[in-house]
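J.: My structure is stored as work.pdb, with PDB, C-alpha atoms.
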```pdb
MODEL        1
ATOM      1  CA  MET A 250     -51.288  16.228 -17.735  1.00  0.00           C
ATOM      2  CA  ALA A 251     -49.903  17.639 -20.977  1.00  0.00           C
ATOM      3  CA  ALA A 252     -52.113  17.513 -24.043  1.00  0.00           C
ATOM      4  CA  LEU A 253     -51.332  14.914 -26.693  1.00  0.00           C
ATOM      5  CA  LYS A 254     -51.825  16.057 -30.267  1.00  0.00           C
ATOM      6  CA  SER A 255     -54.007  14.172 -32.722  1.00  0.00           C
ATOM      7  CA  HIS A 256     -53.958  14.848 -36.461  1.00  0.00           C
ATOM      8  CA  ALA A 257     -55.652  11.635 -37.626  1.00  0.00           C
ATOM      9  CA  VAL A 258     -58.670   9.400 -37.113  1.00  0.00           C
ATOM     10  CA  GLN A 259     -58.947   5.658 -37.605  1.00  0.00           C
ATOM     11  CA  SER A 260     -62.385   4.410 -38.613  1.00  0.00           C
ATOM     12  CA  ALA A 261     -64.292   1.968 -36.431  1.00  0.00           C
ATOM     13  CA  GLY A 262     -63.298  -1.620 -37.159  1.00  0.00           C
ATOM     14  CA  THR A 263     -59.943  -0.743 -38.779  1.00  0.00           C
ATOM     15  CA  TYR A 264     -57.749  -0.898 -35.673  1.00  0.00           C
ATOM     16  CA  THR A 265     -56.804  -3.809 -33.418  1.00  0.00           C
ATOM     17  CA  GLN A 266     -54.896  -1.888 -30.744  1.00  0.00           C
ATOM     18  CA  LYS A 267     -56.710  -1.356 -27.442  1.00  0.00           C
ATOM     19  CA  PRO A 268     -57.541   2.371 -26.947  1.00  0.00           C
ATOM     20  CA  VAL A 269     -55.920   4.087 -23.959  1.00  0.00           C
ATOM     21  CA  ASP A 270     -59.091   6.097 -23.221  1.00  0.00           C
ATOM     22  CA  HIS A 271     -62.497   7.012 -24.626  1.00  0.00           C
ATOM     23  CA  LEU A 272     -64.640  10.096 -25.255  1.00  0.00           C
ATOM     24  CA  SER A 273     -68.417  10.091 -25.040  1.00  0.00           C
ATOM     25  CA  LEU A 274     -69.779  12.760 -27.419  1.00  0.00           C
ATOM     26  CA  THR A 275     -73.253  13.725 -28.641  1.00  0.00           C
ATOM     27  CA  TYR A 276     -74.079  13.771 -32.358  1.00  0.00           C
ATOM     28  CA  GLU A 277     -73.530  17.529 -32.549  1.00  0.00           C
ATOM     29  CA  ASN A 278     -70.237  17.317 -30.639  1.00  0.00           C
ATOM     30  CA  ARG A 279     -68.903  14.579 -32.951  1.00  0.00           C
ATOM     31  CA  LEU A 280     -68.546  17.168 -35.757  1.00  0.00           C
ATOM     32  CA  LEU A 281     -64.988  18.359 -35.168  1.00  0.00           C
ATOM     33  CA  ARG A 282     -61.850  19.819 -36.678  1.00  0.00           C
ATOM     34  CA  ARG A 283     -59.814  21.573 -33.987  1.00  0.00           C
ATOM     35  CA  LYS A 284     -60.598  21.300 -30.283  1.00  0.00           C
ATOM     36  CA  ARG A 285     -59.157  20.487 -26.860  1.00  0.00           C
ATOM     37  CA  LEU A 286     -60.857  17.381 -25.462  1.00  0.00           C
ATOM     38  CA  VAL A 287     -60.567  15.597 -22.114  1.00  0.00           C
ATOM     39  CA  ALA A 288     -61.327  11.870 -22.278  1.00  0.00           C
ATOM     40  CA  ALA A 289     -63.054   9.820 -19.573  1.00  0.00           C
ATOM     41  CA  HIS A 290     -59.845   8.754 -17.792  1.00  0.00           C
ATOM     42  CA  GLY A 291     -58.130  12.146 -18.058  1.00  0.00           C
ATOM     43  CA  THR A 292     -56.272  11.913 -21.367  1.00  0.00           C
ATOM     44  CA  VAL A 293     -56.073  15.441 -22.766  1.00  0.00           C
ATOM     45  CA  VAL A 294     -56.232  15.555 -26.570  1.00  0.00           C
ATOM     46  CA  MET A 295     -55.476  18.577 -28.737  1.00  0.00           C
ATOM     47  CA  LEU A 296     -57.344  17.624 -31.910  1.00  0.00           C
ATOM     48  CA  ASP A 297     -56.064  19.357 -35.044  1.00  0.00           C
ATOM     49  CA  LEU A 298     -57.464  17.771 -38.210  1.00  0.00           C
ATOM     50  CA  SER A 299     -56.964  19.145 -41.729  1.00  0.00           C
ATOM     51  CA  GLU A 300     -60.738  19.409 -42.264  1.00  0.00           C
ATOM     52  CA  VAL A 301     -64.029  19.120 -40.413  1.00  0.00           C
ATOM     53  CA  ILE A 302     -65.001  15.496 -39.897  1.00  0.00           C
ATOM     54  CA  SER A 303     -68.050  13.744 -38.519  1.00  0.00           C
ATOM     55  CA  LEU A 304     -66.822  11.142 -36.062  1.00  0.00           C
ATOM     56  CA  ASN A 305     -68.785   7.928 -35.700  1.00  0.00           C
ATOM     57  CA  ALA A 306     -69.120   5.723 -32.644  1.00  0.00           C
ATOM     58  CA  GLY A 307     -66.123   3.400 -32.599  1.00  0.00           C
ATOM     59  CA  ASP A 308     -63.784   5.720 -34.527  1.00  0.00           C
ATOM     60  CA  ALA A 309     -60.519   6.499 -32.738  1.00  0.00           C
ATOM     61  CA  LEU A 310     -58.346   9.586 -32.496  1.00  0.00           C
ATOM     62  CA  VAL A 311     -54.717   8.697 -33.206  1.00  0.00           C
ATOM     63  CA  LEU A 312     -52.427  10.326 -30.640  1.00  0.00           C
ATOM     64  CA  GLU A 313     -48.914  11.577 -31.392  1.00  0.00           C
ATOM     65  CA  ASP A 314     -47.473   8.837 -29.129  1.00  0.00           C
ATOM     66  CA  GLY A 315     -49.325   6.141 -31.109  1.00  0.00           C
ATOM     67  CA  GLY A 316     -52.125   5.635 -28.597  1.00  0.00           C
ATOM     68  CA  LEU A 317     -55.800   5.695 -29.528  1.00  0.00           C
ATOM     69  CA  VAL A 318     -58.804   7.408 -27.911  1.00  0.00           C
ATOM     70  CA  ARG A 319     -62.096   5.722 -28.897  1.00  0.00           C
ATOM     71  CA  ILE A 320     -65.181   7.806 -29.683  1.00  0.00           C
ATOM     72  CA  ASP A 321     -68.472   6.701 -28.122  1.00  0.00           C
ATOM     73  CA  ALA A 322     -71.917   8.085 -28.960  1.00  0.00           C
ATOM     74  CA  ALA A 323     -73.245   9.736 -25.789  1.00  0.00           C
ATOM     75  CA  PRO A 324     -76.868   9.241 -24.771  1.00  0.00           C
ATOM     76  CA  GLU A 325     -79.038  12.240 -25.645  1.00  0.00           C
ATOM     77  CA  THR A 326     -82.693  13.215 -25.572  1.00  0.00           C
ATOM     78  CA  LEU A 327     -84.432  11.761 -28.634  1.00  0.00           C
ATOM     79  CA  ILE A 328     -87.888  11.137 -29.999  1.00  0.00           C
ATOM     80  CA  GLU A 329     -88.613   7.500 -30.803  1.00  0.00           C
ATOM     81  CA  VAL A 330     -91.014   7.327 -33.764  1.00  0.00           C
ATOM     82  CA  ARG A 331     -93.167   4.258 -34.426  1.00  0.00           C
ATOM     83  CA  GLY A 332     -96.243   3.713 -36.503  1.00  0.00           C
ATOM     84  CA  ALA A 333     -98.043   1.593 -39.065  1.00  0.00           C
ATOM     85  CA  HIS A 334     -96.606   3.594 -41.977  1.00  0.00           C
ATOM     86  CA  LEU A 335     -93.019   4.068 -40.811  1.00  0.00           C
ATOM     87  CA  HIS A 336     -91.763   4.561 -44.383  1.00  0.00           C
ATOM     88  CA  ARG A 337     -94.152   7.503 -44.824  1.00  0.00           C
ATOM     89  CA  LEU A 338     -93.042   9.049 -41.527  1.00  0.00           C
ATOM     90  CA  ALA A 339     -89.385   8.606 -42.566  1.00  0.00           C
ATOM     91  CA  TRP A 340     -90.129  10.428 -45.842  1.00  0.00           C
ATOM     92  CA  HIS A 341     -91.596  13.429 -43.982  1.00  0.00           C
ATOM     93  CA  ILE A 342     -88.611  13.550 -41.609  1.00  0.00           C
ATOM     94  CA  GLY A 343     -86.167  13.338 -44.526  1.00  0.00           C
ATOM     95  CA  ASN A 344     -88.063  15.990 -46.455  1.00  0.00           C
ATOM     96  CA  ARG A 345     -87.112  18.368 -43.633  1.00  0.00           C
ATOM     97  CA  HIS A 346     -83.392  17.467 -43.890  1.00  0.00           C
ATOM     98  CA  THR A 347     -83.503  16.154 -40.321  1.00  0.00           C
ATOM     99  CA  PRO A 348     -80.883  13.645 -39.138  1.00  0.00           C
ATOM    100  CA  CYS A 349     -82.623  10.331 -38.510  1.00  0.00           C
ATOM    101  CA  GLN A 350     -81.501   6.969 -37.164  1.00  0.00           C
ATOM    102  CA  ILE A 351     -83.419   4.335 -39.133  1.00  0.00           C
ATOM    103  CA  GLU A 352     -84.105   0.936 -37.592  1.00  0.00           C
ATOM    104  CA  ASP A 353     -86.412  -1.894 -38.689  1.00  0.00           C
ATOM    105  CA  ASP A 354     -89.266  -0.981 -36.333  1.00  0.00           C
ATOM    106  CA  ARG A 355     -88.571   2.614 -35.320  1.00  0.00           C
ATOM    107  CA  LEU A 356     -86.944   5.927 -36.187  1.00  0.00           C
ATOM    108  CA  LEU A 357     -84.953   8.131 -33.822  1.00  0.00           C
ATOM    109  CA  ILE A 358     -84.628  11.909 -34.187  1.00  0.00           C
ATOM    110  CA  LEU A 359     -83.347  14.704 -31.980  1.00  0.00           C
ATOM    111  CA  ASP A 360     -86.047  16.233 -29.787  1.00  0.00           C
ATOM    112  CA  ASP A 361     -87.816  19.020 -31.690  1.00  0.00           C
ATOM    113  CA  HIS A 362     -91.262  20.419 -30.825  1.00  0.00           C
ATOM    114  CA  VAL A 363     -92.133  21.281 -34.452  1.00  0.00           C
ATOM    115  CA  LEU A 364     -91.344  17.759 -35.702  1.00  0.00           C
ATOM    116  CA  ARG A 365     -93.155  16.290 -32.702  1.00  0.00           C
ATOM    117  CA  LYS A 366     -96.319  18.186 -33.679  1.00  0.00           C
ATOM    118  CA  MET A 367     -96.014  17.208 -37.364  1.00  0.00           C
ATOM    119  CA  LEU A 368     -95.449  13.520 -36.558  1.00  0.00           C
ATOM    120  CA  THR A 369     -98.342  13.433 -34.087  1.00  0.00           C
ATOM    121  CA  HIS A 370    -100.575  14.956 -36.790  1.00  0.00           C
ATOM    122  CA  LEU A 371     -99.440  12.190 -39.166  1.00  0.00           C
ATOM    123  CA  GLY A 372    -100.484   9.509 -36.653  1.00  0.00           C
ATOM    124  CA  ALA A 373     -97.042   8.534 -35.334  1.00  0.00           C
ATOM    125  CA  GLU A 374     -96.597   6.917 -31.951  1.00  0.00           C
ATOM    126  CA  LEU A 375     -93.946   8.963 -30.118  1.00  0.00           C
ATOM    127  CA  ALA A 376     -91.914   8.253 -27.001  1.00  0.00           C
ATOM    128  CA  ASP A 377     -89.135  10.204 -25.299  1.00  0.00           C
ATOM    129  CA  VAL A 378     -85.916   8.186 -24.952  1.00  0.00           C
ATOM    130  CA  ALA A 379     -82.322   8.853 -23.896  1.00  0.00           C
ATOM    131  CA  GLU A 380     -79.963   6.836 -26.110  1.00  0.00           C
ATOM    132  CA  PRO A 381     -76.852   7.229 -28.236  1.00  0.00           C
ATOM    133  CA  PHE A 382     -77.759   8.811 -31.599  1.00  0.00           C
ATOM    134  CA  THR A 383     -76.185   7.571 -34.827  1.00  0.00           C
ATOM    135  CA  PRO A 384     -78.240   8.838 -37.762  1.00  0.00           C
ATOM    136  CA  GLU A 385     -77.915   7.724 -41.370  1.00  0.00           C
ATOM    137  CA  GLY A 386     -75.066   9.205 -43.376  1.00  0.00           C
ATOM    138  CA  GLY A 387     -75.384  11.250 -46.534  1.00  0.00           C
ATOM    139  CA  ALA A 388     -76.939  10.064 -49.763  1.00  0.00           C
ATOM    140  CA  TYR A 389     -73.578   9.876 -51.526  1.00  0.00           C
ATOM    141  CA  GLY A 390     -71.646   7.840 -49.008  1.00  0.00           C
ATOM    142  CA  HIS A 391     -70.620   8.182 -45.411  1.00  0.00           C
ATOM    143  CA  GLY A 392     -70.919  11.183 -43.167  1.00  0.00           C
ATOM    144  CA  ARG A 393     -73.458  13.854 -42.515  1.00  0.00           C
ATOM    145  CA  THR A 394     -75.793  15.618 -44.831  1.00  0.00           C
ATOM    146  CA  PHE A 395     -75.337  19.364 -44.615  1.00  0.00           C
ATOM    147  CA  GLY A 396     -78.608  20.422 -46.235  1.00  0.00           C
ATOM    148  CA  HIS A 397     -79.165  21.205 -49.865  1.00  0.00           C
ATOM    149  CA  SER A 398     -77.212  23.564 -52.062  1.00  0.00           C
ATOM    150  CA  HIS A 399     -78.421  26.900 -53.290  1.00  0.00           C
ATOM    151  CA  GLY A 400     -75.814  27.060 -56.013  1.00  0.00           C
ATOM    152  CA  PRO A 401     -76.714  28.132 -59.565  1.00  0.00           C
ATOM    153  CA  ALA A 402     -77.388  24.563 -60.733  1.00  0.00           C
ATOM    154  CA  ASP A 403     -79.806  23.895 -57.883  1.00  0.00           C
ATOM    155  CA  HIS A 404     -82.587  26.300 -58.755  1.00  0.00           C
ATOM    156  CA  ALA A 405     -84.853  23.872 -60.534  1.00  0.00           C
ATOM    157  CA  HIS A 406     -87.086  24.290 -57.479  1.00  0.00           C
ATOM    158  CA  SER A 407     -88.423  27.666 -56.492  1.00  0.00           C
ATOM    159  CA  HIS A 408     -87.808  29.605 -53.290  1.00  0.00           C
ATOM    160  CA  ASP A 409     -88.966  33.098 -52.464  1.00  0.00           C
ATOM    161  CA  HIS A 410     -85.762  34.626 -51.101  1.00  0.00           C
ATOM    162  CA  HIS A 411     -87.226  38.149 -51.140  1.00  0.00           C
ATOM    163  CA  GLY A 412     -90.014  37.805 -48.560  1.00  0.00           C
ATOM    164  CA  GLY A 413     -92.672  38.142 -51.232  1.00  0.00           C
ATOM    165  CA  ALA A 414     -91.540  41.601 -52.414  1.00  0.00           C
ATOM    166  CA  ARG A 415     -90.398  41.896 -55.996  1.00  0.00           C
ATOM    167  CA  PRO A 416     -88.582  44.909 -57.454  1.00  0.00           C
TER
ENDMDL
END
```
Let's see the structure in the file written out as structure tokens.
T.:
Amino acid sequence: MAALKSHAVQSAGTYTQKPVDHLSLTYENRLLRRKRLVAAHGTVVMLDLSEVISLNAGDALVLEDGGLVRIDAAPETLIEVRGAHLHRLAWHIGNRHTPCQIEDDRLLILDDHVLRKMLTHLGAELADVAEPFTPEGGAYGHGRTFGHSHGPADHAHSHDHHGGARP
């Protein structure tokens, strides 16, 4: 089957047309710009977007023939975080710039042994789960957070970038 080009994405909830196929992608794999993808029923898509985009579950790739390929969030290995002080646990996770899915009674994060140890130390109740992962978007709107800047205006906080040695 020849690849169909896609140069555009329609956001979840903005299309009424039934998709011709679907792709199940992990959180990491939903960050795309240019890539060859094979959907569940064999549709081959040559994705070529003008910039890197973070695709959300329910978004659709618009094919050159007008068809749509829906994006699904694939199940992945996560840590389910629960506890009496969930807001405090969420603060510690966020302080480490870690993607986090926030729900009323639990938090979900990607499996990480360092965070697991920290959260256990803080009294969290942890469980291993395999579920689709859709973390919160950035502080200034939709999409991912890409960490904090180290531009000239961002040095109100101190970092030792010289390994302790000073000239």
J.: Report as a PyMOL selection string the residues that result from applying the PyMOL selection byres ((chain A and resi 329-346) around 6) to the structure here.
T.: chain A and resi 328+347+355-357+373-376
J.: Which of these, A:Leu298, A:Ala288, A:Leu368, A:Val293, has the shortest distance to Val258 (chain A) once you count only C-alpha atoms?
T.: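 Smallest distance to Val258 (chain A) is found for A:Leu298.
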J.: In the coordinates of the file, take the point (-53.2, 10.0, -34.9) and a cut-off of 8 Å; then, counting all atoms listed in the file, name each qualifying protein, DNA or RNA residue as a PyMOL selection string.
T.: chain A and resi 254-259+310-313+315-317
J.: Do you know which residues the PyMOL selection byres ((chain A and resi 274) around 7) returns on this file, as an MDAnalysis selection string?
T.: chainID A and resid 272:273 275:276 278:279 321:323
J.: Please return, as a PyMOL selection string, all polymer residues that have at least one atom within 12 Å of the point (-76.3, 5.0, -37.7); use all atoms listed in the file and the file's own coordinate frame.
T.: chain A and resi 276+304-307+322+348-352+356-358+381-387+391-393
J.: May I ask for the distance between CA of Pro324 (chain A) and CA of Arg282 (chain A), given in Å to one decimal place?
T.: 21.9 Å
J.: Rounded to one decimal, what separation in Å do you get between CA of Val378 (chain A) and CA of Thr326 (chain A)?
T.: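 Between CA of Val378 (chain A) and CA of Thr326 (chain A) the gap works out to 6.0 Å.
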J.: Mind giving me the straight-line distance from CA of Ser303 (chain A) to CA of His271 (chain A) in Å, one decimal?
T.: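 Result for CA of Ser303 (chain A) versus CA of His271 (chain A): 16.4 Å, one decimal.
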